[in-house]
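**Q** If you scroll down you'll find the structure; I have some questions about it.
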Amino acid sequence: MRTLAGGRRTPSGELSDSIRVMDARKISDIEVDHLVPEVMILGNEVMHEVAYDEDGNAVGANRIADREVIEQSSAGFDALYRRGEDFIEFFNREIVPLGHPMVVH
C-alpha cells in the first residue's frame with residue numbers, strides 16, 4: 001500500500017492535508033526501473049527527495065531547485081493522487097473490520 005498526502009488550499013485559503021492511498025501493485029508499471037521516490041514539493045520553488053541508506057533508513061534529502069523538474073514531478077504526483085482512494089474510505093473498509101489489536105505476552 002502506498003500513501004499519497006497532498007497539501008491543498010481550502011476555499012478560505014487554509015492549508016489542509018488530504019491523504020489518499022493506493023495499492024502499490026497499481027503503479028508497478030511505472031516502477032520497472034526504480035521506485036517512485038518520496039518527495040516533498042514546496043510550490044514550484046523547491047523539491048526535496050528523501051534519501052535512504054542500504055538498510056532503508058532515511059539519511060537526509062536531496063534538494064532540487066530546477067523548476068522544470070519540479071513541474072514534471074508535480075504533474076506526475078498529481079496524476080497518482082487522482083488515482084488514489086480517500087484514506088477515510090479505505091480505513092473504514094479495510095481497517096475498521098479488523099477490530100482492536102490483541103496484545104500477546
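Every chain in the C-alpha cells takes a letter, A first, then B, and so on in the order presented; its residues are numbered from 1, and the ligands are numbered from 1 following the presented order.
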Counting only C-alpha atoms, what is within 8 Å of stretch 85-89 of chain A, bar same-chain residues fewer than 5 positions away, as number ranges by chain?

**A** A: 18-22

**Q** Residues of the last selection are to be written out with C-alpha atoms, as a PDB file, in the first residue's frame.

**A**
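Here's the written file result.pdb:
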ATOM      1  CA  SER A  18      -5.860  15.243   2.097  1.00  0.00           C
ATOM      2  CA  ILE A  19      -4.453  11.745   2.331  1.00  0.00           C
ATOM      3  CA  ARG A  20      -5.094   9.179  -0.364  1.00  0.00           C
ATOM      4  CA  VAL A  21      -3.879   5.601  -0.649  1.00  0.00           C
ATOM      5  CA  MET A  22      -3.419   3.180  -3.493  1.00  0.00           C
TER       6      MET A  22
END

**Q** Need to verify the contact set: A:Leu42, 12 Å, only C-alpha atoms, exclusion of same-chain residues closer than 2 positions in sequence. Can you return it as a list in words?

**A** Gly6, Gly7, Arg8, Val39, Met40, Asn44, Glu45, Val46, Met47, His48, Glu49, Arg63, Ile64, Ala65, Arg67, Ile70, Glu71, Ser73 and Ser74 of chain A

**Q** Find the distance between atom CA of A:Gly84 and atom CA of A:Asp23 and write it in Å to one decimal.

**A**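 Interatomic distance, atom CA of A:Gly84 to atom CA of A:Asp23: 8.3 Å.
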
**Q** Would you please extract all alpha helix (DSSP H) residues from chain A, as assigned by DSSP on the backbone, and give them as number ranges by chain?

**A** A: 67-83, 87-90

**Q** Could you please take those selected residues and save C-alpha atoms as a CSV table (one decimal), in the first residue's frame?

**A**
chain,number,residue,atom,x,y,z
A,67,ARG,CA,11.6,24.3,-11.9
A,68,GLU,CA,11.1,22.1,-15.0
A,69,VAL,CA,11.9,19.0,-12.9
A,70,ILE,CA,9.6,20.2,-10.1
A,71,GLU,CA,6.8,20.9,-12.6
A,72,GLN,CA,7.1,17.5,-14.2
A,73,SER,CA,7.3,15.8,-10.8
A,74,SER,CA,4.3,17.7,-9.5
A,75,ALA,CA,2.3,16.7,-12.6
A,76,GLY,CA,3.2,13.1,-12.1
A,77,PHE,CA,2.3,13.1,-8.4
A,78,ASP,CA,-1.0,14.9,-9.2
A,79,ALA,CA,-1.9,12.1,-11.6
A,80,LEU,CA,-1.0,9.5,-9.0
A,81,TYR,CA,-3.0,11.4,-6.3
A,82,ARG,CA,-6.1,11.4,-8.6
A,83,ARG,CA,-5.8,7.6,-9.0
A,87,PHE,CA,-7.9,7.4,3.2
A,88,ILE,CA,-11.0,7.5,5.4
A,89,GLU,CA,-12.9,5.3,2.9
A,90,PHE,CA,-10.0,2.9,2.7

**Q** For a test of reading the model, state the distance in Å between atom CA of A:Gly56 and atom CA of A:Val104, rounded to one decimal.

**A**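 Spanning atom CA of A:Gly56 to atom CA of A:Val104 is a straight-line distance of 27.9 Å.
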